[in-house]
Each structure stands twice: as C-alpha cells, then as structure tokens.
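Report on the structure given below.
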Amino acid sequence: MPGLVSSSARLIVIWFLSCALRLSCAEIEPNEVLEVLYRRLESNVTLACGKFPDGVPVAWRFNRSSELPWHHMTSEGSLVLLHVNHTAQGDYSCYDDQGLLLHSVRLQLGHPPGLLSISCQVPNHTHVRCSWVDSVKTYLPAKYNASIRGSGQDWRPCVVDLTNKRCEVDDPAFWQTIHTVRIIETNGLGSCTTSARFKLDELLKPNPPQSVMVTEVKGFPKRLKVSWSYPSSWPEYAGFPLLFHIRYRPLRSSYWSEVSTLDSHYVISDALAGHRHLVQVRARDEVNSDSQWSEWSPLEDGQPWKDAVPEPTEEIPADYSLPSFTNPETSTSKSHNPDPDEVAELGLVILLVVFSVVIIVIFIPLIFLIWMKQRRESRGGKHELTSMVKMKAMPI
C-alpha cells in the first residue's frame with residue numbers, strides 16, 4: 001500500500017512538471033528566436049517546422065497570433081507564404097497538437113544590394129572623405145567594407161562611419177595621379193561591390209575661411225578692413241598657402257567688386273561712403289591651379305567710418321525765446337570737416353583747370369601770330385608777281 005501511494009505521488013509530480021514545461025515553451029520571447037531568415041519581397045517563401053518528422057500535424061503562429069498572411073500548408077507541415085510584402089515580415093513559430101513549441105524563425109524581407117553612388121571630398125592634402133548613397137532601397141541591415149589605393153599601390157582601409165554612410169582615410173598618396181575607392185555592401189541577400197576613380201588634386205577643395213570680420217578704418221570714409229582666418233581643416237603652416245578671393249558690394253546693389261590676395265586681411269579702398277556693405281571670402285590652394293574654390297563664407301556686413309557731428313555744448317538760458325522766423329542772410333551753416341579724399345579730388349580738378357587756361361593763353365596768341373605772318377608773306381608774293389607781269393608788258 002505505501003508503494004502504491006508513492007508511485008501515484010511520483011506520477012502527479014511528473015504530470016505537473018510536464019505541464020509547466022509545455023506552458024513555458026508555448027510562449028516566444030524575442031531573445032528566444034533562434035534563426036533569422038532573409039527573403040526577397042514579392043517572392044514565395046516556404047517555412048519548415050525545423051526537424052520535426054513529416055506527416056505529424058502542426059500549427060503555425062505569426063507574431064503570437066493564429067492569424068496568418070495569405071498562405072497555404074503543405075503535407076509535410078511547412079508554411080508557404082505567397083507573394084510576400086512587408087506585412088508578412090515578423091516572427092513565425094510552429095507547435096505540435098499539444099501546443100508544444102517545435103521551431104521559431106524571424107522573417108525579414110527586402111532586396112539584395114545594388115550599385116552605390118560614391119562621391120569624395122578632399123578638404124586638405126592629408127585627408128580624404130568619401131560618402132555614398134544607395135541606388136536600391138534594400139529594407140535590410142547592411143555592412144560596408146571600404147578601401148582606397150593609388151595607382152600601383154596596395155589597398156588601404158578606409159574607416160567606415162556606418163551611421164553617416166561615409167569613410168575617411170588620412171595621409172593618402174597625394175602624388176599619385178589616379179586613386180580608386182572600393183566599397184562592398186553586404187546584407188542577408190547578397191553583396192555588391194562598387195568602385196570609383198578620381199584625382200585628388202582636382203577634388204582638393206578647402207573649407208570656407210573662418211572668423212570673417214568687416215571693420216571701419218578710422219579717418220577714411222571710403223575704406224573697409226576685411227580680416228579672416230584659415231579654415232580649421234587646413235594646416236596653415238604645412239607649406240600649402242591659400243589664395244583668397246574677396247567680393248563686396250553696397251547693401252542695395254546687385255553688382256559685386258572682386259579682389260584676390262594671399263594675406264589674411266585686405267583693405268577695401270573704394271567703398272561707397274555712408275553705406276553698409278556685404279562681404280564674402282573664399283579660398284583655393286595657391287599652388288595647385290586644378291583645385292577647386294571653397295564655398296563662400298557667410299555674408300558679413302560693415303559700414304565705412306563716418307565723421308560724427310559734434311553736439312552743441314553751450315546750454316540754452318532759461319529765458320531764451322526762439323525767434324518766429326530765420327533770416328537766411330544772417331543764418332550760419334554747420335561746420336564741415338572736409339573728406340581728405342574729396343579735398344584731393346578737388347585739388348586735382350583745380351590743377352587741370354589752371355593748366356587748361358595757361359595752354360589757351362599761350363597757344364592762341366602764338367597761333368594768331370603765325371597766321372598773320374603767313375598772310376603777309378602770301379601778300380608780298382602776289383605783289384612781286386604783279387610787278388613782273390607789268391614789266392613784261394612794257395615796250396622796249
């Protein structure tokens with residue numbers, strides 16, 4: 001009798017354990033998915049129920065639900081999904097007739113990689129940055145392997161920034177004429193290799209100059225001082241000077257004036273007095289004429305120096321009354337400090353006028369005297385000719 005009780009207790013314990021095990025296996029947690037299956041969109045997908053024996057009835061669930069996308073079951077218990085789209089993407093699990101989990105798989109749908117559109121930037125002689133854009137939207141996670149080499153050289157790795165889809169390499173062989181960059185994109189449906197060739201010297205394009213400032217030049221109402229600094233990405237003392245291009249115009253004008261310099265500052269000498277001006281600066285490698293100009297710096301504005309009108313310091317008495325009218329003959333005008341440039345221009349005009357008057361006074365009498373002399377000589381010649389004719393006519 002005690003042996004029978006003991007055997008019954010053991011059976012009860014085993015039954016409870018098996019039920020608990022089945023209940024625990026009937027639920028799928030995200031970290032319990034053992035396999036990821038990649039398939040193409042709009043294709044037919046067949047999902048097998050693991051290594052479970054054929055002919056045994058099974059039940060399939062999609063994302064823990066008994067509702068499945070458009071499908072049909074095979075006699076072997078496999079699930080066939082027809083012309084799948086994004087709604088069919090998710091977790092699939094199959095169970096036996098007692099609800100025990102047999103197999104689970106995560107289905108991800110997309111396309112294999114295609115060729116990439118690659119572009120490269122060379123902000124200085126020691127750095128190359130290449131970026132790319134997918135020509136095919138794959139809908140699948142991808143990995144990229146990038147490398148670069150000069151003509152006849154070995155491949156060098158290009159460090160990949162997966163988030164921004166770009167890679168960077170330092171100290172390229174700049175003296176090499178042609179460089180090749182190679183990028184391999186890989187996802188669950190395959191891989192694709194894209195290569196692009198380019199010349200570093202033609203892609204060399206500095207970043208715009210920084211810290212551009214426009215200030216007045218005290219005492220000069222037609223001058224503006226423009227200063228700037230090298231872009232931080234360009235090593236200023238590496239033996240590669242930059243050529244700077246400055247353009248400026250009055251605020252309401254649409255015509256730019258342009259100058260170039262190797263310095264980090266420039267004084268504009270023909271600004272329009274009393275008007276604000278807009279100024280921009282760009283840069284290019286001074287040695288390499290095949291390189292590109294940088295983008296223009298942001299617009300900066302400034303106004304030439306203007307002489308301030310002094311305010312009256314004399315206090316008006318309390319009993320002073322303003323007159324009812326002002327006599328133009330007795331009114332006095334405000335003092336004006338002449339512009340040095342205007343004084344110089346006025347002096348030049350006066351000098352030209354005086355010189356013209358002197359020329360007229362000297363040359364007009366001289367021309368008149370020469371004319372009178374020629375006239376007298378002409379009359380004398382005619383008189384002699386008349387006398388000779390008369391003498392020939394006289395009888396001998």
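Letters for chains follow the order of the structure tokens (A, B, ...), residue numbers begin at 1 for each chain, and ligand numbers begin at 1 in the order shown.
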
Quick check for you: according to DSSP on this backbone, which residues of range 80-209 of chain A are classed as strand (DSSP E)? Reply as a VMD selection string. chain A and resid 80 to 81 90 to 95 101 to 110 116 to 124 127 to 134 143 to 150 156 to 157 159 to 161 166 to 170 179 to 187 190 to 198

Given the selection you just returned, output its residues as a file containing C-alpha atoms, formatted as an mmCIF file, in the first residue's frame.
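Heads up, here's the output in selection.cif:
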```
data_model
loop_
_atom_site.group_PDB
_atom_site.id
_atom_site.type_symbol
_atom_site.label_atom_id
_atom_site.label_comp_id
_atom_site.auth_asym_id
_atom_site.auth_seq_id
_atom_site.Cartn_x
_atom_site.Cartn_y
_atom_site.Cartn_z
ATOM 1 C CA VAL A 80 4.153 28.607 -47.755
ATOM 2 C CA LEU A 81 3.687 32.398 -47.996
ATOM 3 C CA GLY A 90 7.843 39.090 -38.401
ATOM 4 C CA ASP A 91 8.227 36.047 -36.091
ATOM 5 C CA TYR A 92 6.812 32.639 -37.069
ATOM 6 C CA SER A 93 6.525 29.616 -34.747
ATOM 7 C CA CYS A 94 5.153 26.095 -35.181
ATOM 8 C CA TYR A 95 3.605 23.890 -32.454
ATOM 9 C CA LEU A 101 6.766 24.861 -29.391
ATOM 10 C CA LEU A 102 8.726 22.997 -32.052
ATOM 11 C CA HIS A 103 10.520 25.724 -34.033
ATOM 12 C CA SER A 104 10.629 29.539 -34.444
ATOM 13 C CA VAL A 105 12.078 31.797 -37.120
ATOM 14 C CA ARG A 106 12.173 35.554 -37.794
ATOM 15 C CA LEU A 107 11.407 36.503 -41.399
ATOM 16 C CA GLN A 108 12.953 39.696 -42.820
ATOM 17 C CA LEU A 109 12.089 40.855 -46.333
ATOM 18 C CA GLY A 110 13.925 43.155 -48.702
ATOM 19 C CA LEU A 116 26.330 52.789 -54.877
ATOM 20 C CA SER A 117 26.711 56.416 -55.908
ATOM 21 C CA ILE A 118 30.106 57.459 -54.483
ATOM 22 C CA SER A 119 31.442 60.983 -54.047
ATOM 23 C CA CYS A 120 34.701 62.048 -52.369
ATOM 24 C CA GLN A 121 35.863 65.292 -50.764
ATOM 25 C CA VAL A 122 39.472 66.380 -50.178
ATOM 26 C CA PRO A 123 39.476 69.276 -47.649
ATOM 27 C CA ASN A 124 43.311 69.308 -47.462
ATOM 28 C CA HIS A 127 42.696 63.786 -45.623
ATOM 29 C CA VAL A 128 40.142 62.144 -47.913
ATOM 30 C CA ARG A 129 36.471 61.607 -47.074
ATOM 31 C CA CYS A 130 34.151 59.548 -49.290
ATOM 32 C CA SER A 131 30.396 59.148 -48.902
ATOM 33 C CA TRP A 132 27.830 57.104 -50.779
ATOM 34 C CA VAL A 133 24.113 56.830 -51.499
ATOM 35 C CA ASP A 134 22.221 53.581 -52.121
ATOM 36 C CA LYS A 143 27.544 46.161 -43.590
ATOM 37 C CA TYR A 144 30.110 48.130 -45.582
ATOM 38 C CA ASN A 145 33.773 47.455 -46.252
ATOM 39 C CA ALA A 146 35.709 50.355 -47.799
ATOM 40 C CA SER A 147 39.281 50.661 -49.066
ATOM 41 C CA ILE A 148 41.352 53.030 -51.208
ATOM 42 C CA ARG A 149 44.595 52.864 -53.171
ATOM 43 C CA GLY A 150 46.726 54.888 -55.561
ATOM 44 C CA ARG A 156 44.369 50.706 -47.651
ATOM 45 C CA PRO A 157 41.373 50.511 -45.315
ATOM 46 C CA VAL A 159 37.466 53.785 -41.805
ATOM 47 C CA VAL A 160 33.687 53.442 -42.139
ATOM 48 C CA ASP A 161 31.113 55.584 -40.341
ATOM 49 C CA ARG A 166 30.966 57.542 -45.289
ATOM 50 C CA CYS A 167 34.596 56.572 -44.762
ATOM 51 C CA GLU A 168 37.782 58.533 -44.101
ATOM 52 C CA VAL A 169 41.489 57.944 -44.712
ATOM 53 C CA ASP A 170 44.485 60.019 -43.589
ATOM 54 C CA HIS A 179 43.089 56.892 -56.947
ATOM 55 C CA THR A 180 40.441 54.183 -56.670
ATOM 56 C CA VAL A 181 37.956 53.753 -53.831
ATOM 57 C CA ARG A 182 36.152 50.419 -53.424
ATOM 58 C CA ILE A 183 33.065 49.858 -51.262
ATOM 59 C CA ILE A 184 31.446 46.449 -50.667
ATOM 60 C CA GLU A 185 27.882 46.431 -49.343
ATOM 61 C CA THR A 186 26.618 43.168 -47.799
ATOM 62 C CA ASN A 187 23.199 42.193 -46.426
ATOM 63 C CA GLY A 190 23.967 39.086 -51.013
ATOM 64 C CA SER A 191 26.699 41.645 -51.643
ATOM 65 C CA CYS A 192 27.658 44.201 -54.280
ATOM 66 C CA THR A 193 30.989 45.917 -54.995
ATOM 67 C CA THR A 194 31.188 49.486 -56.299
ATOM 68 C CA SER A 195 34.411 51.209 -57.401
ATOM 69 C CA ALA A 196 35.096 54.821 -58.352
ATOM 70 C CA ARG A 197 38.237 56.506 -59.723
ATOM 71 C CA PHE A 198 39.220 60.125 -59.160
#
```

Separation of CA of Asn288 in chain A from CA of Thr126 in chain A, in Å and rounded to one decimal: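 Computing the Euclidean distance for CA of Asn288 in chain A and CA of Thr126 in chain A yields 14.6 Å.
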
Could you state the separation of CA of His72 in chain A and CA of Ser43 in chain A in Å, given to one decimal place?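 Going from CA of His72 in chain A over to CA of Ser43 in chain A covers 14.5 Å.
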
In terms of only C-alpha atoms, the residue from A:Gly188, A:Pro221, A:Gly239, A:Gly99 at minimal distance from Pro113 in chain A is A:Gly188

At a cut-off of 9 Å, using only C-alpha atoms, what residues contact Asp97 in chain A? Leave out same-chain residues fewer than 5 positions from it and give the result as a PyMOL selection string. chain A and resi 56-59

Please list as an mmCIF file with N, CA, C and O atoms, in the first residue's frame every residue within 8 Å of Phe174 in chain A, counting only C-alpha atoms and excluding residues in the same chain fewer than 5 positions away.
```cif
data_model
loop_
_atom_site.group_PDB
_atom_site.id
_atom_site.type_symbol
_atom_site.label_atom_id
_atom_site.label_comp_id
_atom_site.auth_asym_id
_atom_site.auth_seq_id
_atom_site.Cartn_x
_atom_site.Cartn_y
_atom_site.Cartn_z
ATOM 1 N N HIS A 125 45.487 68.375 -48.029
ATOM 2 C CA HIS A 125 46.381 67.419 -48.675
ATOM 3 C C HIS A 125 46.570 66.131 -47.876
ATOM 4 O O HIS A 125 47.200 65.189 -48.374
ATOM 5 N N THR A 126 46.046 66.062 -46.673
ATOM 6 C CA THR A 126 46.321 64.905 -45.816
ATOM 7 C C THR A 126 45.068 64.125 -45.439
ATOM 8 O O THR A 126 45.137 63.241 -44.584
ATOM 9 N N LEU A 200 42.983 63.253 -56.847
ATOM 10 C CA LEU A 200 42.960 64.023 -55.600
ATOM 11 C C LEU A 200 43.181 65.512 -55.854
ATOM 12 O O LEU A 200 42.555 66.360 -55.219
ATOM 13 N N ASP A 201 44.090 65.840 -56.786
ATOM 14 C CA ASP A 201 44.389 67.264 -56.994
ATOM 15 C C ASP A 201 43.202 68.021 -57.570
ATOM 16 O O ASP A 201 43.048 69.218 -57.327
#
```

To one decimal place, how far is CA of Arg249 in chain A from CA of Asp307 in chain A in Å?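 We find that CA of Arg249 in chain A and CA of Asp307 in chain A lie 21.6 Å from each other.
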
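Of the residues in range 173-322 of chain A, those given alpha helix (DSSP H) by DSSP on the backbone are Leu200, Asp201, Glu202 and Leu203 of chain A.
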